[in-house]
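Structure file target.txt with compact mmCIF, C-alpha atoms and all ligand atoms:
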# COMPACT_ATOMS: atom_id res chain seq x y z
CA MET N 251 16.63 42.54 4.04
CA THR N 252 14.57 44.31 1.38
CA HIS N 253 11.47 42.35 0.52
CA PRO N 254 10.42 40.29 -1.30
CA ALA N 255 13.19 37.86 -0.39
CA LYS N 256 14.30 35.52 -3.13
CA ALA N 257 14.83 31.79 -2.62
CA ALA N 258 16.31 29.10 -4.85
CA VAL N 259 15.05 25.65 -3.88
CA PHE N 260 17.15 22.72 -5.12
CA GLY N 261 14.93 19.66 -5.51
CA THR N 262 11.47 19.52 -7.06
CA GLY N 263 10.45 16.53 -4.95
CA SER N 264 7.67 16.64 -2.41
CA TRP N 265 9.37 18.64 0.35
CA GLY N 266 11.32 21.02 -1.90
CA THR N 267 8.10 21.89 -3.71
CA ALA N 268 5.95 22.13 -0.57
CA PHE N 269 8.52 24.29 1.26
CA GLY N 270 8.79 26.45 -1.87
CA MET N 271 5.03 26.98 -1.54
CA VAL N 272 5.47 27.99 2.11
CA LEU N 273 8.16 30.52 1.18
CA ALA N 274 5.98 31.89 -1.62
CA ASP N 275 2.95 32.15 0.67
CA ALA N 276 5.16 34.05 3.12
CA GLY N 277 6.01 36.56 0.38
CA CYS N 278 9.19 35.22 -1.22
CA GLU N 279 9.93 34.90 -4.90
CA VAL N 280 10.83 31.23 -5.39
CA THR N 281 12.70 29.42 -8.16
CA LEU N 282 12.75 25.63 -7.95
CA TRP N 283 15.70 23.83 -9.51
CA GLY N 284 15.05 20.34 -10.87
CA ARG N 285 17.07 17.85 -12.88
CA ARG N 286 14.39 17.06 -15.43
CA ALA N 287 13.34 19.65 -18.02
CA GLU N 288 9.93 17.95 -18.49
CA LEU N 289 9.08 18.46 -14.83
CA ALA N 290 10.36 22.07 -14.75
CA ASP N 291 8.27 22.78 -17.87
CA ALA N 292 5.22 21.12 -16.33
CA ILE N 293 5.60 23.23 -13.17
CA ASN N 294 5.84 26.42 -15.24
CA THR N 295 2.97 25.62 -17.57
CA THR N 296 0.46 23.75 -15.37
CA ARG N 297 1.25 25.57 -12.07
CA THR N 298 1.35 22.15 -10.38
CA ASN N 299 4.01 19.53 -9.69
CA PRO N 300 2.29 16.54 -11.30
CA ASP N 301 4.95 14.01 -10.21
CA TYR N 302 5.14 14.83 -6.50
CA LEU N 303 2.13 16.95 -5.46
CA PRO N 304 -0.52 16.27 -8.10
CA GLY N 305 -3.64 18.40 -7.97
CA ILE N 306 -2.13 21.10 -5.76
CA GLU N 307 -1.92 24.56 -7.33
CA LEU N 308 1.38 26.36 -6.86
CA PRO N 309 1.48 30.07 -5.97
CA SER N 310 2.18 32.38 -8.91
CA SER N 311 5.54 33.43 -7.42
CA VAL N 312 6.93 29.88 -7.79
CA SER N 313 8.72 29.01 -11.04
CA ALA N 314 11.09 26.21 -12.05
CA THR N 315 14.32 25.84 -14.01
CA THR N 316 17.02 23.28 -14.71
CA ASP N 317 19.70 25.97 -14.61
CA PRO N 318 21.28 26.37 -11.14
CA ALA N 319 22.74 29.80 -12.01
CA GLU N 320 19.30 31.06 -12.99
CA ALA N 321 17.79 29.71 -9.77
CA LEU N 322 20.52 31.34 -7.67
CA ARG N 323 20.50 34.75 -9.33
CA GLY N 324 19.95 37.28 -6.52
CA ALA N 325 18.94 34.54 -4.06
CA ASP N 326 18.91 35.39 -0.35
CA PHE N 327 18.40 31.71 0.46
CA ALA N 328 19.62 28.54 -1.29
CA VAL N 329 17.38 25.79 0.03
CA LEU N 330 18.66 22.23 -0.40
CA ALA N 331 16.11 19.41 -0.72
CA VAL N 332 17.76 16.54 -2.57
CA PRO N 333 18.40 13.08 -1.09
CA SER N 334 21.12 13.39 1.57
CA GLN N 335 23.54 10.97 -0.06
CA THR N 336 23.52 13.05 -3.28
CA LEU N 337 24.16 16.41 -1.61
CA ARG N 338 27.96 16.45 -1.74
CA GLY N 339 28.14 15.78 -5.49
CA ASN N 340 25.31 18.15 -6.36
CA LEU N 341 26.47 21.01 -4.18
CA ALA N 342 29.95 20.86 -5.70
CA ASP N 343 28.29 21.93 -8.98
CA TRP N 344 26.08 24.60 -7.45
CA ALA N 345 28.51 26.18 -4.93
CA PRO N 346 30.52 28.28 -7.42
CA LYS N 347 27.27 30.01 -8.43
CA LEU N 348 26.31 31.04 -4.88
CA GLY N 349 26.13 34.72 -3.98
CA ALA N 350 28.58 36.00 -1.35
CA ASP N 351 25.85 36.44 1.28
CA THR N 352 23.42 33.70 0.31
CA ILE N 353 22.22 31.69 3.32
CA LEU N 354 22.28 27.94 2.73
CA VAL N 355 19.31 26.07 4.16
CA SER N 356 19.13 22.31 4.60
CA LEU N 357 15.72 20.59 4.49
CA MET N 358 17.38 17.17 4.49
CA LYS N 359 17.11 14.56 7.23
CA GLY N 360 20.07 12.27 6.75
CA VAL N 361 23.67 11.57 7.74
CA GLU N 362 26.31 11.05 5.05
CA LEU N 363 27.52 7.49 4.55
CA GLY N 364 31.27 7.08 4.99
CA THR N 365 31.95 10.42 6.69
CA ALA N 366 29.05 10.27 9.21
CA LYS N 367 28.62 14.01 8.65
CA ARG N 368 25.41 15.90 9.23
CA MET N 369 24.04 17.77 6.23
CA SER N 370 25.09 21.18 7.56
CA GLU N 371 28.64 19.87 7.90
CA VAL N 372 28.60 18.62 4.30
CA ILE N 373 27.36 22.07 3.22
CA GLU N 374 30.14 23.86 5.14
CA ASP N 375 32.73 21.47 3.62
CA VAL N 376 31.60 21.72 0.03
CA ALA N 377 30.47 25.34 -0.17
CA GLY N 378 33.32 26.56 2.06
CA VAL N 379 30.97 28.71 4.12
CA PRO N 380 31.03 29.30 7.90
CA ALA N 381 28.45 27.65 10.17
CA ASP N 382 26.63 30.95 10.71
CA ARG N 383 25.60 30.98 7.04
CA VAL N 384 24.03 27.52 7.23
CA ALA N 385 20.52 26.91 8.57
CA VAL N 386 18.34 23.85 8.95
CA VAL N 387 14.56 23.48 8.78
CA THR N 388 13.20 20.41 10.55
CA GLY N 389 10.25 19.17 12.59
CA PRO N 390 6.92 17.37 12.08
CA ASN N 391 6.49 18.48 8.48
CA LEU N 392 4.91 15.85 6.24
CA ALA N 393 5.11 17.52 2.82
CA LYS N 394 1.66 16.62 1.55
CA GLU N 395 -0.12 18.06 4.60
CA ILE N 396 1.86 21.27 4.33
CA ALA N 397 1.17 21.58 0.61
CA GLN N 398 -2.53 21.28 1.55
CA ARG N 399 -1.88 24.20 3.92
CA ARG N 400 -2.80 22.13 6.98
CA PRO N 401 -1.24 23.58 10.16
CA ALA N 402 2.24 22.62 11.36
CA ALA N 403 4.99 23.97 13.55
CA SER N 404 8.64 23.64 12.63
CA VAL N 405 12.14 24.58 13.74
CA VAL N 406 14.58 26.88 11.95
CA ALA N 407 18.02 26.24 13.39
CA CYS N 408 21.20 28.21 12.88
CA ARG N 409 24.20 28.87 15.07
CA ASP N 410 23.62 32.58 14.35
CA GLU N 411 20.25 33.42 15.88
CA ALA N 412 19.85 36.52 13.67
CA VAL N 413 20.10 34.33 10.57
CA ALA N 414 17.56 31.91 12.05
CA ARG N 415 15.20 34.84 12.63
CA ARG N 416 15.59 36.04 9.02
CA LEU N 417 14.67 32.62 7.72
CA GLN N 418 11.87 32.30 10.28
CA SER N 419 10.33 35.48 8.95
CA ALA N 420 10.79 34.32 5.34
CA CYS N 421 8.77 31.12 5.91
CA HIS N 422 6.18 32.13 8.50
CA THR N 423 2.62 31.76 7.23
CA GLN N 424 -0.88 31.26 8.64
CA TYR N 425 -0.40 27.48 8.48
CA PHE N 426 3.38 27.14 9.00
CA ARG N 427 4.75 28.28 12.36
CA PRO N 428 8.56 28.12 12.59
CA TYR N 429 10.41 28.47 15.93
CA THR N 430 14.09 29.34 16.07
CA ASN N 431 16.79 27.24 17.74
CA THR N 432 20.57 27.61 17.83
CA ASP N 433 21.17 23.91 18.56
CA VAL N 434 21.90 22.80 14.99
CA VAL N 435 23.46 19.49 16.08
CA GLY N 436 20.40 18.46 18.10
CA CYS N 437 17.94 19.57 15.44
CA GLU N 438 19.72 17.68 12.67
CA LEU N 439 20.15 14.53 14.76
CA GLY N 440 16.46 14.62 15.72
CA GLY N 441 15.50 14.71 12.03
CA ALA N 442 17.90 12.00 10.88
CA VAL N 443 17.41 9.51 13.70
CA LYS N 444 13.60 9.78 13.70
CA ASN N 445 13.69 8.23 10.22
CA VAL N 446 15.48 5.19 11.64
CA ILE N 447 13.03 4.92 14.54
CA GLY N 448 10.20 5.41 12.01
CA LEU N 449 11.48 2.33 10.18
CA ALA N 450 11.57 0.37 13.45
CA VAL N 451 8.01 1.40 14.36
CA GLY N 452 6.86 0.60 10.82
CA ILE N 453 8.39 -2.88 11.07
CA ALA N 454 6.63 -3.40 14.43
CA ASP N 455 3.32 -2.18 12.94
CA GLY N 456 3.76 -4.47 9.93
CA MET N 457 4.35 -7.39 12.28
CA GLY N 458 1.17 -6.47 14.18
CA LEU N 459 2.96 -5.95 17.49
CA GLY N 460 0.46 -3.36 18.76
CA ASP N 461 0.44 0.12 20.23
CA ASN N 462 2.40 -0.73 23.38
CA ALA N 463 5.27 -1.76 21.15
CA LYS N 464 4.89 1.49 19.21
CA GLY N 465 4.93 3.63 22.38
CA SER N 466 7.92 1.70 23.70
CA LEU N 467 9.91 2.08 20.47
CA ILE N 468 9.15 5.80 20.17
CA THR N 469 10.23 6.42 23.77
CA ARG N 470 13.31 4.25 23.75
CA GLY N 471 14.13 5.60 20.27
CA LEU N 472 14.05 9.10 21.68
CA ALA N 473 16.25 7.94 24.57
CA GLU N 474 18.93 6.63 22.22
CA THR N 475 18.70 9.77 20.05
CA THR N 476 19.20 11.90 23.16
CA ARG N 477 22.19 9.78 24.28
CA LEU N 478 23.84 10.35 20.91
CA GLY N 479 22.98 14.04 21.02
CA LEU N 480 24.48 14.47 24.49
CA ALA N 481 27.69 12.78 23.35
CA MET N 482 27.85 15.18 20.40
CA GLY N 483 27.24 18.33 22.43
CA ALA N 484 23.56 18.86 21.62
CA ASP N 485 21.11 20.42 24.09
CA PRO N 486 19.02 17.51 25.50
CA LEU N 487 15.93 19.77 25.58
CA THR N 488 15.97 19.90 21.77
CA PHE N 489 14.87 16.26 21.73
CA SER N 490 11.66 16.97 23.64
CA GLY N 491 10.85 19.69 21.10
CA LEU N 492 9.55 19.73 17.54
CA ALA N 493 12.79 18.45 15.99
CA GLY N 494 12.81 15.48 18.37
CA LEU N 495 9.56 14.20 19.86
CA GLY N 496 7.37 16.22 17.48
CA ASP N 497 8.85 14.73 14.33
CA LEU N 498 9.08 11.26 15.85
CA VAL N 499 5.36 11.24 16.65
CA ALA N 500 4.36 12.52 13.19
CA THR N 501 6.62 10.06 11.38
CA CYS N 502 5.76 7.03 13.48
CA SER N 503 2.00 7.58 13.26
CA SER N 504 1.45 8.69 9.67
CA PRO N 505 0.76 6.59 6.59
CA LEU N 506 2.28 9.55 4.67
CA SER N 507 5.73 8.80 6.13
CA ARG N 508 7.89 6.98 3.60
CA ASN N 509 10.15 5.61 6.36
CA HIS N 510 7.24 4.28 8.38
CA THR N 511 5.65 2.76 5.26
CA PHE N 512 8.97 1.19 4.23
CA GLY N 513 9.14 -0.45 7.65
CA VAL N 514 5.52 -1.65 7.48
CA ASN N 515 6.28 -3.43 4.21
CA LEU N 516 9.34 -5.13 5.70
CA GLY N 517 7.37 -6.07 8.81
CA LYS N 518 4.69 -7.66 6.67
CA GLY N 519 7.33 -9.91 5.15
CA MET N 520 8.37 -8.16 1.93
CA THR N 521 12.04 -8.56 1.07
CA LEU N 522 14.30 -5.53 0.97
CA GLN N 523 14.34 -5.61 -2.84
CA GLU N 524 10.53 -5.84 -3.03
CA THR N 525 10.21 -2.97 -0.57
CA ILE N 526 12.67 -0.79 -2.50
CA ALA N 527 10.77 -1.57 -5.72
CA VAL N 528 7.46 -0.24 -4.32
CA THR N 529 9.07 2.83 -2.69
CA LYS N 530 8.96 5.71 -5.17
CA GLN N 531 10.40 8.45 -2.98
CA THR N 532 13.29 9.10 -0.66
CA ALA N 533 13.18 7.10 2.61
CA GLU N 534 16.33 8.52 4.20
CA GLY N 535 16.45 6.08 7.12
CA VAL N 536 17.22 3.16 4.82
CA LYS N 537 20.70 4.52 4.13
CA SER N 538 21.12 6.73 7.18
CA CYS N 539 20.54 3.89 9.66
CA GLU N 540 24.09 2.78 8.77
CA SER N 541 25.61 6.25 9.05
CA VAL N 542 23.76 6.92 12.34
CA LEU N 543 25.13 3.65 13.71
CA ASP N 544 28.59 4.68 12.48
CA LEU N 545 28.18 8.01 14.30
CA ALA N 546 27.07 6.21 17.47
CA ARG N 547 30.12 3.94 17.37
CA ARG N 548 32.45 6.89 16.78
CA HIS N 549 31.01 8.46 19.95
CA GLY N 550 30.82 5.21 21.97
CA VAL N 551 27.02 5.41 22.28
CA ASP N 552 24.76 2.35 22.52
CA MET N 553 21.84 2.59 20.04
CA PRO N 554 20.15 -0.82 20.12
CA ILE N 555 17.09 0.11 18.05
CA THR N 556 19.23 1.66 15.32
CA GLU N 557 21.46 -1.42 15.39
CA THR N 558 18.41 -3.66 15.05
CA VAL N 559 17.17 -1.68 12.04
CA VAL N 560 20.58 -2.06 10.37
CA ASP N 561 20.51 -5.81 11.10
CA ILE N 562 17.09 -6.16 9.48
CA VAL N 563 17.47 -3.75 6.56
CA HIS N 564 21.07 -4.37 5.57
CA ASP N 565 22.02 -7.75 6.99
CA GLY N 566 18.75 -9.55 6.30
CA LYS N 567 18.13 -10.57 9.91
CA PRO N 568 14.60 -12.03 10.19
CA THR N 569 12.33 -9.60 12.04
CA VAL N 570 11.22 -12.20 14.60
CA VAL N 571 14.83 -12.97 15.50
CA ALA N 572 15.64 -9.25 15.77
CA LEU N 573 12.62 -8.71 18.04
CA ARG N 574 13.59 -11.61 20.30
CA GLU N 575 17.14 -10.25 20.62
CA LEU N 576 15.96 -6.70 21.34
CA MET N 577 13.60 -7.93 24.06
CA SER N 578 16.22 -10.16 25.70
CA ARG N 579 18.87 -7.47 26.19
CA SER N 580 20.09 -7.26 29.77
CA ALA N 581 17.76 -5.53 32.26
CA LYS N 582 18.78 -2.00 33.24
CA PRO N 583 17.52 1.22 34.85
CA GLU N 584 15.44 3.40 32.54
CA ARG N 585 17.75 6.41 32.65
CA ARG N 586 20.85 4.81 31.22
N1 LIG U 1 8.63 14.64 2.08
C1 LIG U 1 8.57 15.09 3.32
O1 LIG U 1 7.49 15.07 3.95
C2 LIG U 1 9.80 15.65 3.99
C3 LIG U 1 9.63 16.48 5.08
C4 LIG U 1 10.74 16.97 5.75
C5 LIG U 1 12.01 16.65 5.29
N2 LIG U 1 12.16 15.86 4.21
C6 LIG U 1 13.52 15.60 3.75
O2 LIG U 1 13.73 16.34 2.55
C7 LIG U 1 14.67 15.66 1.73
C8 LIG U 1 14.07 15.52 0.34
O3 LIG U 1 12.93 14.70 0.47
P1 LIG U 1 11.68 14.73 -0.49
O4 LIG U 1 10.56 14.24 0.30
O5 LIG U 1 11.54 15.99 -1.19
O6 LIG U 1 12.14 13.57 -1.49
P2 LIG U 1 11.49 13.18 -2.87
O7 LIG U 1 11.87 11.77 -3.10
O8 LIG U 1 10.06 13.56 -2.89
O9 LIG U 1 12.25 14.13 -3.89
C9 LIG U 1 13.64 14.08 -4.05
C10 LIG U 1 14.03 15.04 -5.15
O10 LIG U 1 15.44 14.91 -5.38
C11 LIG U 1 15.65 14.58 -6.73
N3 LIG U 1 16.82 13.72 -6.82
C12 LIG U 1 16.92 12.39 -6.59
N4 LIG U 1 18.18 11.98 -6.80
C13 LIG U 1 18.88 13.09 -7.16
C14 LIG U 1 20.22 13.31 -7.54
N5 LIG U 1 21.11 12.32 -7.55
N6 LIG U 1 20.59 14.56 -7.83
C15 LIG U 1 19.71 15.59 -7.81
N7 LIG U 1 18.43 15.44 -7.51
C16 LIG U 1 18.02 14.20 -7.17
C17 LIG U 1 14.39 13.90 -7.21
O11 LIG U 1 14.29 13.99 -8.62
C18 LIG U 1 13.36 14.74 -6.48
O12 LIG U 1 13.13 15.95 -7.16
C19 LIG U 1 14.97 14.35 2.43
O13 LIG U 1 16.17 14.46 3.15
C20 LIG U 1 13.80 14.16 3.39
O14 LIG U 1 14.16 13.42 4.54
C21 LIG U 1 11.07 15.36 3.53
O1 LIG U 2 8.14 10.62 4.74
P1 LIG U 2 9.28 10.62 5.72
O2 LIG U 2 9.34 9.38 6.52
O3 LIG U 2 10.57 10.98 5.04
O4 LIG U 2 8.98 11.78 6.77
C1 LIG U 2 8.71 13.06 6.30
C2 LIG U 2 9.04 14.14 7.31
O5 LIG U 2 10.38 14.06 7.69
C3 LIG U 2 8.15 14.15 8.51
O6 LIG U 2 8.47 15.27 9.32
Re-express the file's structure as structure tokens.
Amino acid sequence: MTHPAKAAVFGTGSWGTAFGMVLADAGCEVTLWGRRAELADAINTTRTNPDYLPGIELPSSVSATTDPAEALRGADFAVLAVPSQTLRGNLADWAPKLGADTILVSLMKGVELGTAKRMSEVIEDVAGVPADRVAVVTGPNLAKEIAQRRPAASVVACRDEAVARRLQSACHTQYFRPYTNTDVVGCELGGAVKNVIGLAVGIADGMGLGDNAKGSLITRGLAETTRLGLAMGADPLTFSGLAGLGDLVATCSSPLSRNHTFGVNLGKGMTLQETIAVTKQTAEGVKSCESVLDLARRHGVDMPITETVVDIVHDGKPTVVALRELMSRSAKPERR
């Protein structure tokens, strides 16, 4: 590829903007696409994103537009960072404007409701592109820390390793260290299910259950993620890597995590409606807990923590009842 590479980033929220900064710092020319003209104008005139990353100066090679064709003109990468459940509808509008060789990159950590499809599958469906043109970036990457250029590692996954390496080189900076992986299924599952486990840990923290409960939920959460991954053909080692354990630890321990915070509020006794009202950004696990459970049932996999989160979040089960039921499941060996 002749440099500088050009990237269109769809979504001017916290991660779209922060990852746009990473790409720019790595030498790319970046155009952010956003829905709202006021925010695109503010990004272009103030060199900040006042709604999502206030006070953080954007590199000079980042600009914004509301026109998808303008964002995509000459783009090597089309980076998708909108809420997972909106991807299908949005991408249907953007796909006809894609270049013939543009690599599509998912930053999203969700599973589609109804179809139980991973985001890369939705991209392949809607854009009509083969799997080797679709990559995923995932891992312990809290947007605010990355926008502050605090160090993080990440995973760039694509079935075609050469494509993963191109993207790796396009987003490798002093503070952002991407590793490649060809296990797209495992990487995407790690990212989507950790949001559900983050909700569970948040609920436990809100209830004041302590650090043993947290360690137990993280570990058993990883066990159920791995079971699902194995049933879907993922490499089990992916789950002990950045896309699995790494992201789970960051999400379950950080006050910056929207999923964890959402859970804390529920655990403290807020109703679902009250919790939604105070949540200003995307907490993917709230919707994806249902699609992950759907996926688990389609594959005949037992995911008790995910099921418990669905019971609490969507069926209004009182947290104390859910806890009692989770703790009184039948005794079993650890590795099953
Ligand atoms: N924030 C993080 O730290 C982080 C890190 C890694 C991955 N992610 C993932 O990235 C994805 C985006 O998250 P985010 O943190 O940027 O969310 P966000 O809530 O900060 O921003 C979402 C963006 O999507 C836009 N949007 C909302 N509804 C839309 C619609 N119907 N059509 C088009 N645009 C719409 C919003 O205006 C906003 O620009 C999620 O899947 C999330 O799990 C986030
Ligand atoms: O704020 P959350 O819970 O969506 O988590 C953000 C990132 O996924 C952490 O890697």
Per residue of chain N within 6 Å of ligand LIG 2 (chain U), note the shortest atom pair and the distance in Å to one decimal, counting all atoms listed in the file, and order the rows by chain and increasing residue number, as JSON lines.
{"residue": "N:Gly389", "atom": "CA", "partner": "U:LIG2", "partner_atom": "O6", "distance": 5.4}
{"residue": "N:Pro390", "atom": "CA", "partner": "U:LIG2", "partner_atom": "O6", "distance": 3.8}
{"residue": "N:Asn391", "atom": "CA", "partner": "U:LIG2", "partner_atom": "O6", "distance": 3.9}
{"residue": "N:Leu392", "atom": "CA", "partner": "U:LIG2", "partner_atom": "C3", "distance": 4.3}
{"residue": "N:Asn445", "atom": "CA", "partner": "U:LIG2", "partner_atom": "O2", "distance": 5.8}
{"residue": "N:Asp497", "atom": "CA", "partner": "U:LIG2", "partner_atom": "O6", "distance": 5.1}
{"residue": "N:Thr501", "atom": "CA", "partner": "U:LIG2", "partner_atom": "C3", "distance": 5.2}
{"residue": "N:Leu506", "atom": "CA", "partner": "U:LIG2", "partner_atom": "O1", "distance": 6.0}
{"residue": "N:Ser507", "atom": "CA", "partner": "U:LIG2", "partner_atom": "O1", "distance": 3.3}
{"residue": "N:Arg508", "atom": "CA", "partner": "U:LIG2", "partner_atom": "O1", "distance": 3.8}
{"residue": "N:Asn509", "atom": "CA", "partner": "U:LIG2", "partner_atom": "O2", "distance": 3.9}
{"residue": "N:His510", "atom": "CA", "partner": "U:LIG2", "partner_atom": "O2", "distance": 5.8}
{"residue": "N:Ala533", "atom": "CA", "partner": "U:LIG2", "partner_atom": "O3", "distance": 5.3}
Please identify the residues whose atoms come within 7 Å of ligand LIG 1 (chain U), using all atoms listed in the file, and report them as a PDB file with C-alpha atoms, keeping the file's coordinate frame.
ATOM      1  CA  GLY N 261      14.930  19.660  -5.510  1.00  0.00           C
ATOM      2  CA  THR N 262      11.470  19.520  -7.060  1.00  0.00           C
ATOM      3  CA  GLY N 263      10.450  16.530  -4.950  1.00  0.00           C
ATOM      4  CA  SER N 264       7.670  16.640  -2.410  1.00  0.00           C
ATOM      5  CA  TRP N 265       9.370  18.640   0.350  1.00  0.00           C
ATOM      6  CA  GLY N 266      11.320  21.020  -1.900  1.00  0.00           C
ATOM      7  CA  GLY N 284      15.050  20.340 -10.870  1.00  0.00           C
ATOM      8  CA  ARG N 285      17.070  17.850 -12.880  1.00  0.00           C
ATOM      9  CA  TYR N 302       5.140  14.830  -6.500  1.00  0.00           C
ATOM     10  CA  ALA N 331      16.110  19.410  -0.720  1.00  0.00           C
ATOM     11  CA  VAL N 332      17.760  16.540  -2.570  1.00  0.00           C
ATOM     12  CA  PRO N 333      18.400  13.080  -1.090  1.00  0.00           C
ATOM     13  CA  SER N 334      21.120  13.390   1.570  1.00  0.00           C
ATOM     14  CA  THR N 336      23.520  13.050  -3.280  1.00  0.00           C
ATOM     15  CA  ASN N 340      25.310  18.150  -6.360  1.00  0.00           C
ATOM     16  CA  LEU N 357      15.720  20.590   4.490  1.00  0.00           C
ATOM     17  CA  MET N 358      17.380  17.170   4.490  1.00  0.00           C
ATOM     18  CA  LYS N 359      17.110  14.560   7.230  1.00  0.00           C
ATOM     19  CA  GLY N 360      20.070  12.270   6.750  1.00  0.00           C
ATOM     20  CA  THR N 388      13.200  20.410  10.550  1.00  0.00           C
ATOM     21  CA  ASN N 391       6.490  18.480   8.480  1.00  0.00           C
ATOM     22  CA  LEU N 392       4.910  15.850   6.240  1.00  0.00           C
ATOM     23  CA  ALA N 393       5.110  17.520   2.820  1.00  0.00           C
ATOM     24  CA  LYS N 394       1.660  16.620   1.550  1.00  0.00           C
ATOM     25  CA  SER N 507       5.730   8.800   6.130  1.00  0.00           C
ATOM     26  CA  GLN N 531      10.400   8.450  -2.980  1.00  0.00           C
ATOM     27  CA  THR N 532      13.290   9.100  -0.660  1.00  0.00           C
ATOM     28  CA  ALA N 533      13.180   7.100   2.610  1.00  0.00           C
ATOM     29  CA  GLU N 534      16.330   8.520   4.200  1.00  0.00           C
TER      30      GLU N 534
END
Choose the residue, out of N:Gly364, N:Gly471, N:Pro568, N:Gly479, that has the smallest atom-to-atom separation from Pro554 of chain N; count only C-alpha atoms.
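Result for the nearest residue to Pro554 of chain N: N:Gly471.
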When distances are computed from only C-alpha atoms, which of N:Ala546, N:Val405, N:Leu576, N:Ile555 shows the smallest separation from Ile447 of chain N?
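Among N:Ala546, N:Val405, N:Leu576, N:Ile555, it is N:Ile555 that comes nearest to Ile447 of chain N.
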Got a sec to check which residues sit within 8 Å of (12.8, -1.2, 16.5), counting only C-alpha atoms, and write them as number ranges by chain?
N: 447, 449-451, 453-454, 467, 471, 555-556, 558-559, 573, 576
Choose the residue, out of N:Asp275, N:Thr315, N:Tyr425, N:Phe512, that has the smallest atom-to-atom separation from Asn294 of chain N; count only C-alpha atoms.
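Of the candidates, the smallest distance to Asn294 of chain N is held by N:Thr315.
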Please, what distance in Å, to one decimal, runs between atom CA of Arg400 of chain N and atom CA of Phe426 of chain N?
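Taking atom CA of Arg400 of chain N and atom CA of Phe426 of chain N, their separation equals 8.2 Å.
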Nearest to Ala255 of chain N by atom-to-atom distance, counting only C-alpha atoms, from N:Ala493, N:Val499, N:Ala366, N:Leu273:
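Using only C-alpha atoms, the shortest distance to Ala255 of chain N belongs to N:Leu273.
Between atom CA of Lys518 of chain N and atom CA of Ile562 of chain N the interatomic distance comes to 12.8 Å.
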Need to verify the contact set: Ala377 of chain N, 8 Å, only C-alpha atoms, exclusion of same-chain residues closer than 6 positions in sequence. Can you return it as a list in words?
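Counting only the stated atoms, we get Leu341, Ala342, Ala345 and Pro346 of chain N.
In this structure, atom CA of Gly436 of chain N sits 6.3 Å away from atom CA of Asp485 of chain N.
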Pick from N:Arg297, N:Arg286, N:Lys347, N:Arg323: nearest to Ser310 of chain N, with all atoms listed in the file counted?
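Of all the options, N:Arg297 lies closest to Ser310 of chain N.
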Closest of N:Arg470, N:Gly452, N:Glu540, N:Ser490 to Pro505 of chain N - atom-to-atom distances counting all atoms listed in the file
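Using all atoms listed in the file, Pro505 of chain N sits closest to N:Gly452.
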In the coordinate frame of the file, compute which residues have an atom within 8 Å of (23.9, 31.2, 6.6) when using all atoms listed in the file, and state them as number ranges by chain.
N: 351-355, 379-385, 408, 410, 413
If you keep C-alpha atoms, can you produce a file of those selected residues as an mmCIF file, in the frame of the given file?
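Result file is result.cif:
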data_model
loop_
_atom_site.group_PDB
_atom_site.id
_atom_site.type_symbol
_atom_site.label_atom_id
_atom_site.label_comp_id
_atom_site.auth_asym_id
_atom_site.auth_seq_id
_atom_site.Cartn_x
_atom_site.Cartn_y
_atom_site.Cartn_z
ATOM 1 C CA ASP N 351 25.850 36.440 1.280
ATOM 2 C CA THR N 352 23.420 33.700 0.310
ATOM 3 C CA ILE N 353 22.220 31.690 3.320
ATOM 4 C CA LEU N 354 22.280 27.940 2.730
ATOM 5 C CA VAL N 355 19.310 26.070 4.160
ATOM 6 C CA VAL N 379 30.970 28.710 4.120
ATOM 7 C CA PRO N 380 31.030 29.300 7.900
ATOM 8 C CA ALA N 381 28.450 27.650 10.170
ATOM 9 C CA ASP N 382 26.630 30.950 10.710
ATOM 10 C CA ARG N 383 25.600 30.980 7.040
ATOM 11 C CA VAL N 384 24.030 27.520 7.230
ATOM 12 C CA ALA N 385 20.520 26.910 8.570
ATOM 13 C CA CYS N 408 21.200 28.210 12.880
ATOM 14 C CA ASP N 410 23.620 32.580 14.350
ATOM 15 C CA VAL N 413 20.100 34.330 10.570
#
Distance query His422 of chain N at most 10 Å, all atoms listed in the file, self and fewer than 6 positions along chain excluded, as a list in words:
Val272, Leu273, Asp275, Ala276, Gly277, Ala403, Ser404, Pro428 and Tyr429 of chain N
